[in-house]
file structure-v2.tsv (TSV, C-alpha atoms)
chain	number	residue	atom	x	y	z
A	22	MET	CA	166.82	71.66	176.54
A	23	SER	CA	168.45	68.25	176.51
A	24	ASN	CA	172.11	67.93	177.37
A	25	LEU	CA	173.81	66.80	174.19
A	26	PRO	CA	177.13	64.97	174.51
A	27	GLU	CA	180.29	66.72	173.45
A	28	VAL	CA	181.22	66.05	169.85
A	29	PRO	CA	184.55	64.21	169.82
A	30	THR	CA	187.36	65.54	167.65
A	31	PRO	CA	187.11	63.72	164.30
A	32	GLN	CA	189.95	61.34	163.56
A	33	PRO	CA	191.41	60.95	160.06
A	34	GLU	CA	190.12	57.93	158.18
A	35	THR	CA	193.70	56.66	157.85
A	36	ASP	CA	193.77	56.17	161.61
A	37	GLN	CA	190.63	54.06	161.57
A	38	ASN	CA	192.49	50.76	161.67
A	39	GLN	CA	194.36	51.87	164.80
A	40	SER	CA	191.10	52.76	166.55
A	41	GLU	CA	189.67	49.39	165.60
A	42	SER	CA	192.65	47.25	166.57
A	43	SER	CA	191.77	47.24	170.26
A	44	ASP	CA	188.30	45.89	169.46
A	45	ASN	CA	189.37	42.97	167.29
A	46	ASP	CA	188.82	40.43	170.06
A	47	GLN	CA	185.26	41.69	170.65
A	48	ARG	CA	184.25	42.08	167.01
A	49	PRO	CA	181.96	39.38	165.58
A	50	GLY	CA	183.09	37.57	162.49
A	51	ILE	CA	179.92	38.51	160.62
A	52	SER	CA	177.14	41.06	161.05
A	53	VAL	CA	173.78	40.76	159.29
A	54	ILE	CA	171.75	43.95	158.78
A	55	VAL	CA	167.98	43.53	158.45
A	56	PRO	CA	165.68	46.56	157.90
A	57	ILE	CA	162.32	45.92	159.59
A	58	TYR	CA	159.06	47.67	158.76
A	59	ASN	CA	155.80	46.02	159.88
A	60	GLU	CA	157.18	42.48	159.62
A	61	GLU	CA	155.62	40.83	162.69
A	62	GLU	CA	154.50	37.82	160.63
A	63	VAL	CA	158.01	37.20	159.32
A	64	ILE	CA	160.28	37.85	162.30
A	65	PRO	CA	160.11	34.40	164.02
A	66	GLU	CA	160.90	32.51	160.81
A	67	LEU	CA	163.53	35.08	159.86
A	68	TYR	CA	165.37	34.58	163.16
A	69	ARG	CA	165.08	30.79	163.00
A	70	ARG	CA	166.60	30.55	159.54
A	71	MET	CA	169.15	33.27	160.16
A	72	ALA	CA	170.42	31.75	163.42
A	73	ALA	CA	170.69	28.31	161.79
A	74	ILE	CA	172.81	29.48	158.87
A	75	LEU	CA	174.99	31.82	160.94
A	76	ASP	CA	175.68	29.11	163.52
A	77	ASN	CA	176.56	26.77	160.66
A	78	ILE	CA	179.14	29.24	159.28
A	79	GLY	CA	181.10	28.78	162.49
A	80	GLN	CA	181.84	32.45	163.18
A	81	THR	CA	180.71	34.71	165.97
A	82	TRP	CA	177.85	36.84	164.69
A	83	GLU	CA	175.36	39.59	165.39
A	84	LEU	CA	171.95	40.25	163.87
A	85	VAL	CA	171.44	44.02	163.56
A	86	CYS	CA	167.70	44.66	163.18
A	87	VAL	CA	166.72	48.22	162.26
A	88	ASN	CA	163.12	48.91	163.24
A	89	ASP	CA	162.11	51.58	160.73
A	90	GLY	CA	159.12	53.04	162.57
A	91	SER	CA	157.00	49.87	162.50
A	92	ARG	CA	153.38	50.32	163.60
A	93	ASP	CA	152.75	46.66	164.41
A	94	ALA	CA	154.30	44.40	167.04
A	95	SER	CA	157.67	44.14	165.28
A	96	LEU	CA	159.61	45.98	168.00
A	97	SER	CA	158.16	43.96	170.87
A	98	MET	CA	158.91	40.73	169.01
A	99	LEU	CA	162.50	41.84	168.40
A	100	LEU	CA	162.88	42.69	172.09
A	101	SER	CA	161.60	39.23	173.02
A	102	LEU	CA	164.15	37.66	170.69
A	103	ARG	CA	166.90	39.76	172.26
A	104	GLU	CA	165.95	38.46	175.72
A	105	GLN	CA	166.54	34.94	174.38
A	106	ASP	CA	169.63	35.75	172.31
A	107	ALA	CA	171.88	38.74	173.04
A	108	ARG	CA	173.35	38.46	169.54
A	109	VAL	CA	170.13	40.07	168.30
A	110	LYS	CA	170.71	43.83	168.41
A	111	ILE	CA	168.08	46.46	167.72
A	112	ILE	CA	168.15	49.99	166.37
A	113	ASN	CA	164.76	51.62	166.88
A	114	PHE	CA	164.08	54.71	164.75
A	115	SER	CA	161.99	57.58	166.11
A	116	ARG	CA	159.85	57.33	162.94
A	117	ASN	CA	159.89	55.79	159.49
A	118	PHE	CA	162.93	57.02	157.55
A	119	GLY	CA	162.85	54.55	154.68
A	120	HIS	CA	164.49	51.32	153.61
A	121	GLN	CA	167.74	52.78	152.25
A	122	ILE	CA	168.27	54.88	155.39
A	123	ALA	CA	167.62	51.82	157.56
A	124	ILE	CA	170.38	49.97	155.73
A	125	THR	CA	172.66	52.97	156.30
A	126	ALA	CA	171.95	52.94	160.04
A	127	GLY	CA	172.73	49.23	160.23
A	128	MET	CA	176.04	49.86	158.50
A	129	ASP	CA	176.82	52.67	160.95
A	130	TYR	CA	176.34	50.28	163.88
A	131	ALA	CA	177.61	46.95	162.49
A	132	LEU	CA	180.76	45.57	164.10
A	133	GLY	CA	181.53	42.50	161.99
A	134	ASP	CA	184.53	41.82	159.77
A	135	ALA	CA	182.05	40.82	157.06
A	136	ILE	CA	178.66	42.52	156.81
A	137	ALA	CA	175.63	41.05	155.06
A	138	ILE	CA	172.52	43.04	154.09
A	139	ILE	CA	169.21	41.26	153.59
A	140	ASP	CA	165.52	42.19	153.57
A	141	ALA	CA	163.22	40.71	156.20
A	142	ASP	CA	160.61	39.27	153.81
A	143	LEU	CA	162.65	36.07	153.12
A	144	GLN	CA	162.40	36.48	149.35
A	145	ASP	CA	166.18	36.48	149.51
A	146	PRO	CA	167.28	33.20	151.17
A	147	PRO	CA	169.43	33.64	154.30
A	148	GLU	CA	171.12	30.35	153.41
A	149	LEU	CA	172.94	32.14	150.56
A	150	ILE	CA	174.92	34.13	153.12
A	151	GLY	CA	177.06	31.03	153.69
A	152	ASP	CA	178.06	30.98	150.01
A	153	MET	CA	178.70	34.73	150.11
A	154	PHE	CA	180.92	34.28	153.15
A	155	GLU	CA	183.00	31.66	151.33
A	156	LYS	CA	183.52	34.07	148.42
A	157	TRP	CA	184.56	36.72	150.93
A	158	ARG	CA	187.11	34.33	152.41
A	159	GLU	CA	188.46	33.82	148.88
A	160	GLY	CA	189.32	37.52	148.81
A	161	TYR	CA	186.27	39.19	147.26
A	162	GLU	CA	185.28	42.36	149.07
A	163	VAL	CA	181.74	42.74	147.70
A	164	VAL	CA	179.61	39.67	147.00
A	165	TYR	CA	176.21	40.54	145.54
A	166	ALA	CA	173.27	38.27	144.80
A	167	VAL	CA	171.96	38.11	141.21
A	168	ARG	CA	168.31	37.16	140.72
A	169	ALA	CA	168.28	34.40	138.12
A	170	HIS	CA	164.55	33.85	138.60
A	171	ARG	CA	161.91	35.82	140.50
A	172	ARG	CA	158.85	33.93	141.70
A	173	GLY	CA	155.50	35.53	142.42
A	174	GLU	CA	156.15	38.78	140.56
A	175	SER	CA	154.03	40.14	137.74
A	176	ARG	CA	155.26	40.54	134.18
A	177	PHE	CA	154.94	44.30	134.59
A	178	LYS	CA	157.22	44.26	137.65
A	179	LEU	CA	159.77	42.07	135.88
A	180	TRP	CA	159.72	44.25	132.76
A	181	THR	CA	160.07	47.53	134.66
A	182	ALA	CA	162.89	46.13	136.80
A	183	SER	CA	164.77	44.93	133.75
A	184	ALA	CA	164.24	48.24	131.93
A	185	PHE	CA	165.39	50.21	134.98
A	186	TYR	CA	168.72	48.41	135.33
A	187	ARG	CA	169.47	48.57	131.63
A	188	LEU	CA	168.62	52.27	131.51
A	189	LEU	CA	170.80	52.93	134.54
A	190	ARG	CA	173.75	51.15	132.97
A	191	ARG	CA	173.42	53.21	129.79
A	192	ILE	CA	173.21	56.65	131.41
A	193	THR	CA	175.73	56.25	134.24
A	194	ASP	CA	179.46	55.64	134.45
A	195	VAL	CA	178.96	53.21	137.34
A	196	GLU	CA	178.73	49.51	136.49
A	197	ILE	CA	175.64	48.49	138.49
A	198	PRO	CA	174.95	44.75	137.98
A	199	VAL	CA	171.63	43.87	136.37
A	200	ASN	CA	168.96	42.03	138.41
A	201	THR	CA	170.52	42.75	141.77
A	202	GLY	CA	169.02	44.21	144.93
A	203	ASP	CA	170.46	45.21	148.28
A	204	PHE	CA	171.15	41.57	149.20
A	205	ARG	CA	174.94	41.38	149.43
A	206	LEU	CA	177.92	40.82	151.70
A	207	ILE	CA	180.69	43.40	152.02
A	208	ASP	CA	184.08	43.55	153.67
A	209	ARG	CA	184.68	45.85	156.61
A	210	GLN	CA	186.97	48.06	154.53
A	211	VAL	CA	184.10	48.59	152.07
A	212	LEU	CA	181.79	49.40	154.98
A	213	LEU	CA	184.19	52.04	156.33
A	214	THR	CA	184.38	53.61	152.88
A	215	MET	CA	180.60	53.65	152.48
A	216	ARG	CA	180.18	55.25	155.90
A	217	ARG	CA	181.80	58.36	154.44
A	218	LEU	CA	179.04	58.71	151.83
A	219	ARG	CA	176.31	60.71	153.57
A	220	GLU	CA	174.02	62.03	150.82
A	221	LYS	CA	170.37	62.17	151.83
A	222	HIS	CA	168.80	60.49	148.79
A	223	ARG	CA	170.48	57.12	148.80
A	224	PHE	CA	170.65	54.22	146.37
A	225	MET	CA	172.72	51.76	148.37
A	226	ARG	CA	173.30	49.11	145.71
A	227	GLY	CA	174.63	51.87	143.45
A	228	LEU	CA	176.92	53.19	146.16
A	229	SER	CA	178.35	49.73	146.81
A	230	SER	CA	179.19	49.51	143.09
A	231	TRP	CA	180.60	53.04	143.01
A	232	VAL	CA	183.19	52.38	145.75
A	233	GLY	CA	184.81	49.66	143.64
A	234	TYR	CA	186.90	46.89	145.28
A	235	ARG	CA	186.87	43.26	144.14
A	236	GLN	CA	183.28	42.26	143.39
A	237	ILE	CA	181.56	39.07	142.31
A	238	GLY	CA	177.96	37.95	141.86
A	239	ILE	CA	176.19	34.75	142.92
A	240	GLU	CA	173.00	33.70	141.14
A	241	TYR	CA	169.99	32.50	143.11
A	242	GLN	CA	166.27	31.81	142.81
A	243	ARG	CA	164.25	34.57	144.47
A	244	ALA	CA	161.26	33.21	146.35
A	245	GLU	CA	157.85	34.71	146.99
A	246	ARG	CA	157.34	36.85	150.05
A	247	PHE	CA	157.03	34.65	153.16
A	248	ALA	CA	154.13	36.67	154.63
A	249	GLY	CA	152.66	40.16	154.65
A	250	ASP	CA	152.53	42.78	151.92
A	251	THR	CA	155.27	44.31	149.84
A	252	LYS	CA	156.87	47.43	151.30
A	253	TYR	CA	157.85	48.69	147.85
A	254	PRO	CA	154.68	49.64	145.92
A	255	LEU	CA	154.92	51.37	142.55
A	256	SER	CA	155.14	54.86	144.08
A	257	LYS	CA	158.17	53.93	146.21
A	258	MET	CA	159.80	52.17	143.27
A	259	PHE	CA	159.38	55.35	141.22
A	260	ARG	CA	161.01	57.45	143.96
A	261	LEU	CA	163.87	54.97	144.23
A	262	THR	CA	164.32	55.18	140.45
A	263	LEU	CA	164.52	58.98	140.65
A	264	ASP	CA	167.08	58.74	143.46
A	265	ALA	CA	169.16	56.27	141.47
A	266	ILE	CA	169.16	58.35	138.29
A	267	THR	CA	169.82	61.71	139.96
A	268	SER	CA	172.54	60.21	142.18
A	269	PHE	CA	174.55	58.65	139.38
A	270	SER	CA	173.75	60.50	136.15
A	271	TYR	CA	173.71	64.03	134.68
A	272	ILE	CA	172.10	62.84	131.45
A	273	PRO	CA	168.61	64.25	132.30
A	274	LEU	CA	170.19	67.71	132.69
A	275	ARG	CA	172.15	67.36	129.47
A	276	LEU	CA	169.00	66.35	127.62
A	277	SER	CA	167.66	69.89	128.05
A	278	THR	CA	170.73	71.24	126.25
A	279	TYR	CA	170.51	68.66	123.47
A	280	PHE	CA	166.80	69.22	123.04
A	281	GLY	CA	167.28	73.00	123.05
A	282	PHE	CA	169.78	72.79	120.18
A	283	PHE	CA	167.49	70.41	118.30
A	284	LEU	CA	164.48	72.73	118.63
A	285	ALA	CA	166.57	75.76	117.69
A	286	LEU	CA	167.73	74.00	114.54
A	287	ALA	CA	164.19	72.84	113.74
A	288	SER	CA	162.90	76.39	114.24
A	289	LEU	CA	165.55	77.80	111.95
A	290	LEU	CA	164.63	75.32	109.24
A	291	GLY	CA	160.95	76.12	109.82
A	292	ILE	CA	161.58	79.85	109.36
A	293	VAL	CA	163.42	79.25	106.10
A	294	ALA	CA	160.65	76.91	104.89
A	295	THR	CA	157.95	79.46	105.83
A	296	VAL	CA	159.70	82.33	104.01
A	297	VAL	CA	160.15	80.19	100.89
A	298	LEU	CA	156.49	79.10	100.93
A	299	ARG	CA	155.25	82.67	101.45
A	300	LEU	CA	157.37	84.00	98.59
A	301	SER	CA	156.05	81.24	96.36
A	302	GLY	CA	152.46	82.16	97.23
A	303	ASN	CA	151.71	79.11	99.41
A	304	ASN	CA	149.55	80.05	102.43
A	305	ALA	CA	149.74	76.68	104.21
A	306	PHE	CA	150.96	78.25	107.47
A	307	LEU	CA	148.30	80.95	107.80
A	308	GLY	CA	146.14	80.96	110.95
A	309	GLN	CA	146.63	80.73	114.71
A	310	ALA	CA	146.34	76.94	115.12
A	311	SER	CA	149.91	76.16	114.10
A	312	THR	CA	151.24	79.00	116.28
A	313	LEU	CA	149.24	77.79	119.28
A	314	VAL	CA	150.44	74.20	118.87
A	315	ALA	CA	154.06	75.34	118.63
A	316	VAL	CA	153.76	77.53	121.75
A	317	LEU	CA	152.09	74.78	123.80
A	318	PHE	CA	154.68	72.24	122.68
A	319	LEU	CA	157.61	74.46	123.63
A	320	GLY	CA	155.94	75.44	126.91
A	321	GLY	CA	155.44	71.78	127.83
A	322	ILE	CA	159.08	70.96	127.04
A	323	GLN	CA	160.27	73.87	129.17
A	324	LEU	CA	158.14	72.78	132.13
A	325	ILE	CA	159.43	69.21	131.87
A	326	PHE	CA	163.05	70.33	131.99
A	327	LEU	CA	162.33	72.81	134.76
A	328	GLY	CA	160.96	69.86	136.72
A	329	ILE	CA	164.13	67.85	136.05
A	330	ILE	CA	166.30	70.76	137.20
A	331	GLY	CA	164.04	71.07	140.26
A	332	GLU	CA	164.69	67.42	141.18
A	333	TYR	CA	168.43	68.03	141.23
A	334	LEU	CA	168.05	71.31	143.12
A	335	ALA	CA	165.84	69.65	145.74
A	336	ARG	CA	168.56	67.09	146.41
A	337	ILE	CA	171.18	69.83	146.71
A	338	TYR	CA	168.87	71.66	149.12
A	339	ASP	CA	168.42	68.54	151.28
A	340	ASP	CA	172.17	67.98	151.47
A	341	VAL	CA	172.93	71.62	152.27
A	342	LYS	CA	170.55	71.52	155.26
A	343	ALA	CA	172.91	68.88	156.73
A	344	ARG	CA	170.26	67.23	158.87
A	345	PRO	CA	171.15	63.77	160.22
A	346	LEU	CA	170.08	60.90	158.02
A	347	TYR	CA	168.03	59.35	160.82
A	348	VAL	CA	167.13	59.68	164.49
A	349	VAL	CA	167.43	56.71	166.83
A	350	SER	CA	164.89	56.52	169.62
A	351	LYS	CA	166.77	53.74	171.39
A	352	ALA	CA	169.38	51.15	170.56
A	353	TYR	CA	169.64	47.77	172.27
A	354	GLY	CA	173.05	46.10	172.46
A	355	PHE	CA	175.11	49.14	171.50
A	356	ALA	CA	176.97	51.84	173.39
A	357	ASP	CA	176.36	55.59	173.59
A	358	LEU	CA	174.04	56.81	170.83
A	359	SER	CA	176.18	59.90	170.37
A	360	ASN	CA	178.70	57.76	168.52
A	361	HIS	CA	176.28	57.06	165.69
A	362	GLY	CA	174.44	58.68	162.83
A	363	ASN	CA	171.72	60.33	164.94
A	364	ALA	CA	174.31	62.69	166.40
A	365	SER	CA	175.55	65.76	164.57
A	366	GLN	CA	178.85	64.24	163.54
A	367	SER	CA	179.48	61.67	160.86
A	368	PRO	CA	180.01	58.16	162.25
A	369	ALA	CA	182.72	57.59	159.68
A	370	ASN	CA	184.98	59.90	161.67
A	371	LEU	CA	184.43	58.29	165.06
A	372	SER	CA	185.83	55.26	166.78
A	373	GLU	CA	183.84	52.05	166.70
A	374	PRO	CA	180.88	51.59	169.06
A	375	HIS	CA	181.30	49.03	171.82
A	376	GLU	CA	178.77	46.42	172.77
A	377	LEU	CA	176.89	47.09	175.98
A	378	GLU	CA	177.14	44.64	178.82
A	379	GLU	CA	173.58	43.92	179.90
call {"tool": "encode", "arguments": {"input": "structure-v2.tsv", "output": "structure tokens"}}
result
Amino acid sequence: MSNLPEVPTPQPETDQNQSESSDNDQRPGISVIVPIYNEEEVIPELYRRMAAILDNIGQTWELVCVNDGSRDASLSMLLSLREQDARVKIINFSRNFGHQIAITAGMDYALGDAIAIIDADLQDPPELIGDMFEKWREGYEVVYAVRAHRRGESRFKLWTASAFYRLLRRITDVEIPVNTGDFRLIDRQVLLTMRRLREKHRFMRGLSSWVGYRQIGIEYQRAERFAGDTKYPLSKMFRLTLDAITSFSYIPLRLSTYFGFFLALASLLGIVATVVLRLSGNNAFLGQASTLVAVLFLGGIQLIFLGIIGEYLARIYDDVKARPLYVVSKAYGFADLSNHGNASQSPANLSEPHELEE
């Protein structure tokens, strides 16, 4: 058995600022979180552009790369970059945990006063982080990027994305901006609040809207992928849609109630109509075909709503198990792993990690 570190006594969130005050001199001005999954073709250009814009901002910075179980040479390339530039920090997962979990891990480890989140594929331009940072300095606590135009994407992808955001806005109480992704910059206070949200099935752009604070959008032109293949095929997009709907809406559950009342009323009217027709000598409803159709229809509706209930129950089951969101194999540039999300305690209740001297 491995010797696990002692779990520190959790500190109240109200004391967080006191625990951070001693680290203010060491904290970078801005952290950039980049989930990485099989991006060996993109990493050199990503670092080049990211370092250029972050140096231009004029703040100390760190680039927090989360290697989400890559099977290519992504990790070795990140390690080579770290040898050249210690501001590149790496969180290496023990396996693939998914894009939204990788963002969560980066937020657990990030030390900056302002924290940007961007995908590695360079469809979202790193240069926009400078504009986001200026909005943050104006007092906005969440600055999200709005896709005014999306190059290289099919009409089907554009239509489904548009339909998804509009549906989500109609069935939830959370105002999630249309045509936005995870590309955004948040204040450290927002980060500390989001660290407390530990549900397993995560929709990060929804969570960043749910926490509130002063928010503003910046429009931009989304480019084509720099290299490689998309990491969000239709199946993953469907799962993300399910996570978003079940995380922020009870409407699918309420539909079963509404539909049940509707069918009960329709059945009552059907019974009355059948009795009247029989008494008048009309035999239009004789035979088994109509009965069979009605039974199959009701059975199908019941199975659909059982499936919807099952989706919600599965998410409750996952949360009740209380497993950690992710497991870190090794982190480069950070202190003791026990102070982060791979340990049994929530990182929101712990003091900030300290950078390792290497």
call {"tool": "residues_around", "arguments": {"input": "structure-v2.tsv", "residues": "Ile330 in chain A", "least_positions_apart": "5", "cutoff": "9 Å", "atoms": "all atoms listed in the file", "output": "list in words"}}
result
Pro273, Leu274, Ile325 and Ala335 of chain A
call {"tool": "write_last_selection", "arguments": {"input": "structure-v2.tsv", "atoms": "C-alpha atoms", "output": "mmCIF file, in the coordinates of the input"}}
result
data_model
loop_
_atom_site.group_PDB
_atom_site.id
_atom_site.type_symbol
_atom_site.label_atom_id
_atom_site.label_comp_id
_atom_site.auth_asym_id
_atom_site.auth_seq_id
_atom_site.Cartn_x
_atom_site.Cartn_y
_atom_site.Cartn_z
ATOM 1 C CA PRO A 273 168.610 64.250 132.300
ATOM 2 C CA LEU A 274 170.190 67.710 132.690
ATOM 3 C CA ILE A 325 159.430 69.210 131.870
ATOM 4 C CA ALA A 335 165.840 69.650 145.740
#
call {"tool": "residues_around", "arguments": {"input": "structure-v2.tsv", "residues": "Ile266 in chain A", "least_positions_apart": "5", "cutoff": "9 Å", "atoms": "all atoms listed in the file", "output": "VMD selection string"}}
result
chain A and resid 189 192 to 193 261 271 to 273
call {"tool": "closest_residue", "arguments": {"input": "structure-v2.tsv", "among": "A:Leu289, A:Pro56, A:Met153, A:Leu263", "to": "Phe185 in chain A", "atoms": "all atoms listed in the file"}}
result
A:Leu263
call {"tool": "atom_distance", "arguments": {"input": "structure-v2.tsv", "atom1": "CA of Glu148 in chain A", "atom2": "CA of Asp93 in chain A"}}
result
26.9 Å
call {"tool": "closest_residue", "arguments": {"input": "structure-v2.tsv", "among": "A:Ala94, A:Ser230, A:Ile136, A:Val87", "to": "Val63 in chain A", "atoms": "all atoms listed in the file"}}
result
A:Ala94
call {"tool": "residues_around", "arguments": {"input": "structure-v2.tsv", "residues": "Arg226 in chain A", "least_positions_apart": "3", "cutoff": "9 Å", "atoms": "all atoms listed in the file", "output": "PDB file with C-alpha atoms, in the coordinates of the input"}}
result
ATOM      1  CA  ILE A 197     175.640  48.490 138.490  1.00  0.00           C
ATOM      2  CA  THR A 201     170.520  42.750 141.770  1.00  0.00           C
ATOM      3  CA  GLY A 202     169.020  44.210 144.930  1.00  0.00           C
ATOM      4  CA  ASP A 203     170.460  45.210 148.280  1.00  0.00           C
ATOM      5  CA  PHE A 204     171.150  41.570 149.200  1.00  0.00           C
ATOM      6  CA  ARG A 205     174.940  41.380 149.430  1.00  0.00           C
ATOM      7  CA  SER A 229     178.350  49.730 146.810  1.00  0.00           C
ATOM      8  CA  SER A 230     179.190  49.510 143.090  1.00  0.00           C
ATOM      9  CA  TRP A 231     180.600  53.040 143.010  1.00  0.00           C
TER      10      TRP A 231
END
